$ cat target35.txt   # compact mmCIF, C-alpha atoms
# COMPACT_ATOMS: atom_id res chain seq x y z
CA MET A 210 96.42 116.89 84.11
CA ALA A 211 98.62 119.27 86.09
CA GLU A 212 101.72 117.22 85.22
CA LYS A 213 101.03 117.69 81.50
CA PHE A 214 100.83 121.47 81.87
CA ASP A 215 103.91 121.50 84.10
CA SER A 216 105.93 119.66 81.45
CA LEU A 217 104.76 122.04 78.71
CA GLU A 218 105.44 125.08 80.88
CA GLU A 219 108.95 123.86 81.62
CA HIS A 220 109.75 123.32 77.92
CA LEU A 221 108.33 126.75 77.03
CA GLU A 222 110.38 128.48 79.71
CA LYS A 223 113.55 126.78 78.47
CA PHE A 224 112.74 127.72 74.89
CA VAL A 225 112.10 131.38 75.80
CA GLU A 226 115.33 131.57 77.78
CA ASN A 227 117.25 130.03 74.88
CA ILE A 228 115.75 132.62 72.50
CA ARG A 229 116.73 135.43 74.87
CA GLN A 230 120.34 134.22 75.06
CA LEU A 231 120.39 133.79 71.29
CA GLY A 232 119.25 137.40 70.85
CA ILE A 233 122.06 138.62 73.13
CA ILE A 234 124.66 136.70 71.11
CA VAL A 235 123.34 138.01 67.79
CA SER A 236 123.11 141.63 68.98
CA ASP A 237 126.82 141.66 69.88
CA PHE A 238 128.17 139.04 67.51
CA GLN A 239 131.89 138.28 67.45
CA PRO A 240 133.73 135.66 65.37
CA SER A 241 134.55 133.82 68.59
CA SER A 242 130.82 133.55 69.36
CA GLN A 243 130.09 131.33 66.36
CA THR A 244 130.35 128.11 68.41
CA GLY A 245 127.94 129.43 71.04
CA LEU A 246 125.55 130.64 68.33
CA ASN A 247 125.51 127.21 66.69
CA GLN A 248 124.90 125.59 70.07
CA LYS A 249 121.96 127.90 70.82
CA LEU A 250 120.46 127.21 67.40
CA ASN A 251 120.65 123.48 68.04
CA PHE A 252 119.01 124.01 71.46
CA MET A 253 116.23 125.99 69.79
CA VAL A 254 115.53 123.15 67.35
CA THR A 255 115.56 120.62 70.19
CA GLY A 256 113.21 122.82 72.23
CA LEU A 257 110.72 123.03 69.36
CA GLN A 258 110.81 119.24 69.06
CA ASP A 259 110.13 118.84 72.81
CA ILE A 260 107.20 121.27 72.60
CA ASP A 261 105.81 119.37 69.60
CA LYS A 262 105.97 116.11 71.61
CA CYS A 263 103.78 117.68 74.31
CA ARG A 264 101.08 118.24 71.69
CA GLN A 265 100.05 114.58 71.84
CA GLN A 266 99.32 114.86 75.56
CA LEU A 267 97.24 118.03 75.17
CA HIS A 268 95.24 117.27 72.03
CA ASP A 269 91.94 117.47 73.97
CA ILE A 270 92.70 120.92 75.43
CA SER A 271 91.15 123.94 73.68
CA VAL A 272 92.42 127.47 74.30
CA PRO A 273 90.28 130.49 73.33
CA LEU A 274 91.76 132.65 70.58
CA GLU A 275 91.26 135.74 72.77
CA VAL A 276 93.97 134.42 75.08
CA PHE A 277 96.51 134.57 72.25
CA GLU A 278 95.36 138.12 71.49
CA TYR A 279 96.06 139.04 75.12
CA ILE A 280 99.52 137.52 74.78
CA ASP A 281 100.22 139.37 71.53
CA GLN A 282 99.18 142.62 73.21
CA GLY A 283 101.56 141.97 76.09
CA ARG A 284 98.73 141.51 78.61
CA ASN A 285 98.46 138.86 81.30
CA PRO A 286 96.44 135.84 80.01
CA GLN A 287 94.86 135.46 83.43
CA LEU A 288 93.05 138.75 82.87
CA TYR A 289 90.98 136.94 80.24
CA THR A 290 89.43 134.72 82.92
CA LYS A 291 88.73 137.73 85.13
CA GLU A 292 87.04 139.65 82.33
CA CYS A 293 85.01 136.60 81.30
CA LEU A 294 83.66 136.30 84.85
CA GLU A 295 82.85 140.00 84.92
CA ARG A 296 80.99 139.78 81.58
CA ALA A 297 79.09 136.71 82.76
CA LEU A 298 78.08 138.50 85.97
CA ALA A 299 76.88 141.56 84.04
CA LYS A 300 74.94 139.35 81.60
CA ASN A 301 73.39 137.49 84.51
CA GLU A 302 72.20 140.73 86.08
CA GLN A 303 70.77 141.85 82.74
CA VAL A 304 68.85 138.61 82.18
CA LYS A 305 67.62 138.65 85.78
CA GLY A 306 66.25 142.17 85.24
CA LYS A 307 64.42 141.03 82.12
CA ILE A 308 62.91 138.06 83.95
CA ASP A 309 61.69 140.27 86.82
CA THR A 310 60.16 142.71 84.29
CA MET A 311 58.36 139.91 82.46
CA LYS A 312 56.97 138.58 85.75
CA LYS A 313 55.58 141.99 86.64
CA PHE A 314 54.09 142.36 83.15
CA LYS A 315 52.49 138.92 83.47
CA SER A 316 50.87 139.73 86.82
CA LEU A 317 49.52 143.08 85.53
CA LEU A 318 48.23 141.47 82.33
CA ILE A 319 46.38 138.74 84.30
CA GLN A 320 44.80 141.38 86.52
CA GLU A 321 43.52 143.39 83.55
CA LEU A 322 42.29 140.30 81.70
CA THR A 323 40.46 139.13 84.81
CA LYS A 324 38.61 142.41 84.92
CA VAL A 325 37.59 142.20 81.26
CA PHE A 326 37.05 138.38 80.87
CA PRO A 327 36.36 136.99 84.36
CA GLU A 328 34.75 133.69 83.24
CA ASP A 329 37.39 132.82 80.69
CA MET A 330 40.19 133.65 83.13
CA ALA A 331 38.56 131.42 85.79
CA LYS A 332 38.60 128.47 83.36
CA MET A 333 42.19 129.27 82.41
CA ASP A 334 43.17 129.33 86.08
CA ILE A 335 41.68 125.86 86.58
CA GLN A 336 43.59 124.48 83.60
CA THR A 337 46.76 126.18 84.74
CA LEU A 338 46.41 124.73 88.22
CA THR A 339 45.82 121.27 86.76
CA GLN A 340 48.89 121.50 84.55
CA SER A 341 50.92 122.86 87.41
CA SER A 342 49.86 119.99 89.69
CA GLU A 343 50.74 117.46 86.98
CA HIS A 344 54.07 119.13 86.46
CA ILE A 345 54.74 119.10 90.20
CA THR A 346 53.75 115.42 90.41
CA HIS A 347 56.06 114.58 87.54
CA MET A 348 58.91 116.50 89.23
CA GLU A 349 58.24 114.71 92.53
CA GLN A 350 58.34 111.34 90.78
CA SER A 351 61.56 112.22 89.00
CA ASP A 352 63.04 113.43 92.28
CA TRP A 353 61.94 110.22 93.99
CA GLN A 354 63.51 108.16 91.21
CA LYS A 355 66.72 110.17 91.47
CA LYS A 356 66.80 109.66 95.24
CA LYS A 357 66.14 105.96 94.78
CA GLU A 358 68.94 105.72 92.22
CA GLY A 359 71.22 107.66 94.56
CA ARG A 360 70.43 105.29 97.44
CA ARG A 361 71.07 102.28 95.20
CA LYS A 362 74.45 103.64 94.08
CA LYS A 363 75.30 104.50 97.67
CA GLU A 364 74.44 100.94 98.74
CA GLU A 365 76.60 99.53 95.92
CA ARG A 366 79.51 101.72 97.01
CA ARG A 367 79.02 100.57 100.60
CA LYS A 368 79.03 96.91 99.52
CA LYS A 369 82.17 97.39 97.44
CA LYS A 370 83.83 99.14 100.33
CA GLU A 371 82.83 96.28 102.64
CA GLU A 372 84.23 93.73 100.17
CA ARG A 373 87.51 95.61 99.95
CA ARG A 374 87.66 95.72 103.75
CA LYS A 375 87.04 91.96 103.97
CA LYS A 376 89.72 91.24 101.37
CA LYS A 377 92.12 93.46 103.23
CA GLU A 378 91.31 91.64 106.48
CA GLU A 379 91.87 88.25 104.79
CA ARG A 380 95.23 89.39 103.45
CA ARG A 381 96.17 90.59 106.93
CA LYS A 382 95.18 87.24 108.47
CA LYS A 383 97.16 85.31 105.85
CA LYS A 384 100.14 87.52 106.49
CA GLU A 385 99.80 86.93 110.23
CA GLU A 386 99.61 83.15 109.68
CA ARG A 387 102.73 83.22 107.51
CA ARG A 388 104.51 85.22 110.18
CA LYS A 389 103.51 82.72 112.89
CA LYS A 390 104.64 79.78 110.75
CA GLU A 391 107.94 81.51 110.14
CA GLU A 392 108.40 82.09 113.86
CA GLU A 393 107.58 78.45 114.61
CA ARG A 394 110.01 77.28 111.96
CA LYS A 395 112.76 79.50 113.37
CA LYS A 396 112.01 78.33 116.90
CA LYS A 397 112.13 74.71 115.79
CA GLU A 398 115.46 75.28 114.02
CA GLU A 399 116.87 76.90 117.15
CA GLU A 400 115.73 73.96 119.27
CA GLU A 401 117.31 71.50 116.83
CA GLU A 402 120.54 73.49 116.90
CA GLU A 403 120.51 73.47 120.71
CA GLU A 404 119.92 69.72 120.73
CA GLU A 405 122.78 69.19 118.29
CA GLU A 406 125.07 71.34 120.44
CA GLU A 407 124.11 69.36 123.56
CA GLU A 408 124.77 66.08 121.76
CA GLU A 409 128.16 67.35 120.61
CA GLU A 410 129.02 68.42 124.16
CA GLU A 411 128.00 65.01 125.50
CA GLU A 412 130.14 63.28 122.88
CA VAL A 413 133.11 65.49 123.76
CA CYS A 414 132.67 64.75 127.48
CA SER A 415 132.43 61.00 126.82
CA TYR A 416 135.69 61.16 124.84
CA GLN A 417 137.52 63.25 127.47
CA THR A 418 136.55 61.22 130.60
CA PRO A 419 138.65 58.04 129.91
CA GLN A 420 141.66 60.11 128.94
CA ASN A 421 141.51 62.09 132.19
CA GLU A 422 141.37 58.84 134.22
CA GLU A 423 144.36 57.40 132.37
CA THR A 424 146.40 60.58 132.86
CA LYS A 425 145.47 60.57 136.55
CA GLU A 426 146.67 56.97 136.97
CA LYS A 427 149.90 57.74 135.15
CA SER A 428 150.50 60.90 137.13
CA GLN A 429 150.16 59.21 140.53
CA PRO A 430 153.40 57.12 140.38
CA LYS A 431 155.31 60.09 139.16
CA CYS A 432 154.09 62.17 142.07
CA ALA A 433 155.02 59.43 144.58
CA LYS A 434 158.48 59.00 143.06
CA SER A 435 159.07 62.75 143.09
CA GLU A 436 158.10 62.86 146.79
CA VAL A 437 160.63 60.12 147.64
CA GLN A 438 163.37 61.87 145.74
CA ASP A 439 162.60 65.14 147.51
CA SER A 440 162.72 63.47 150.94
CA ILE A 441 166.08 61.81 150.15
CA HIS A 442 167.49 65.07 148.91
CA ASP A 443 166.32 66.90 152.04
CA GLY A 444 167.84 64.18 154.30
CA SER A 445 171.22 64.23 152.59
CA THR A 446 171.32 67.98 152.78
CA LYS A 447 170.70 67.92 156.53
CA ALA A 448 173.42 65.28 157.06
CA VAL A 449 176.00 67.31 155.17
CA ALA A 450 175.10 70.40 157.19
CA LYS A 451 175.59 68.55 160.53
CA LEU A 452 178.96 67.10 159.48
CA GLU A 453 180.22 70.52 158.56
CA ALA A 454 179.10 71.76 161.98
CA GLY A 455 181.39 69.22 163.75
CA TRP A 456 178.99 66.46 164.51
CA GLY A 457 180.19 62.94 164.18
CA PRO A 458 178.50 60.32 162.17
CA ARG A 459 177.24 58.67 165.35
CA LEU A 460 175.76 61.82 166.69
CA TYR A 461 174.07 62.60 163.50
CA TRP A 462 172.47 59.18 163.07
CA SER A 463 171.58 58.99 166.71
$ encode --input "target35.txt" --output "structure tokens"
Amino acid sequence: MAEKFDSLEEHLEKFVENIRQLGIIVSDFQPSSQTGLNQKLNFMVTGLQDIDKCRQQLHDISVPLEVFEYIDQGRNPQLYTKECLERALAKNEQVKGKIDTMKKFKSLLIQELTKVFPEDMAKMDIQTLTQSSEHITHMEQSDWQKKKEGRRKKEERRKKKEERRKKKEERRKKKEERRKKEEERKKKEEEEEEEEEEEEEEEVCSYQTPQNEETKEKSQPKCAKSEVQDSIHDGSTKAVAKLEAGWGPRLYWS
């Protein structure tokens, strides 16, 4: 309900502001202001259309005519509510005074009638008491029925609330089961991926092992050959060094 009034209030404020700006333009009109005047007139028509659309949302709202009189007089519409409450309070006090006066008159009248017609008033008192007791019994029964109906409605609300709680609990359990299944599925996929990776590693190792053995066998002769060549080179170098130092061939080989 508040949203409906907020929308209407917003459209009314825009319309009033547009009217104010239109009045300023008209009061000091210049030929150059014609475009702005036309624009404001179009805005005014659009604003009236927006306000008319809000009528469908507020067709069940009735506003007292006195409120419009307050507005025409330049008074705050909220003062209407205040004055209504004050009038209701004054009327309530007036009616309460009348009721108290009638009660006092009734008691005085019964006293005087009892003095003049004691027998008749005694019979009337018995009838009055009987009617009063019947009325009280009827009120007690109606109150009991109301309480019973209230308890029944309260029990129905409790049952509905319990059903909603059970449904909510079932939805939570189903959600938890789906989550567990999802976790198991992910865990299973991870295990399968790990197994696939291990199988790939084993295949790679099985392919690499024969190649390493072959390369090792091929590399061994090369290493032996290179060692022989290095030893020969070292020996020839030493022999040349001794010959240059003045040693004879015999001394060197000895």
$ atom_distance --input "target35.txt" --atom1 "atom CA of A:Pro273" --atom2 "atom CA of A:Tyr289"
9.5 Å
$ atom_distance --input "target35.txt" --atom1 "atom CA of A:Asp259" --atom2 "atom CA of A:Ser242"
25.6 Å
$ atom_distance --input "target35.txt" --atom1 "atom CA of A:Leu217" --atom2 "atom CA of A:Leu294"
26.2 Å
$ closest_residue --input "target35.txt" --among "A:Thr255, A:Ser236, A:Ser316, A:Gln248" --to "A:Lys223" --atoms "all atoms listed in the file"
A:Thr255
$ closest_residue --input "target35.txt" --among "A:Lys312, A:Ser216, A:Lys370, A:Glu411" --to "A:Lys262" --atoms "all atoms listed in the file"
A:Ser216
$ closest_residue --input "target35.txt" --among "A:Gln266, A:Ser351, A:Thr323, A:Asn251" --to "A:Lys213" --atoms "all atoms listed in the file"
A:Gln266
$ closest_residue --input "target35.txt" --among "A:Lys300, A:Arg387, A:Arg374, A:His220" --to "A:Ile260" --atoms "all atoms listed in the file"
A:His220
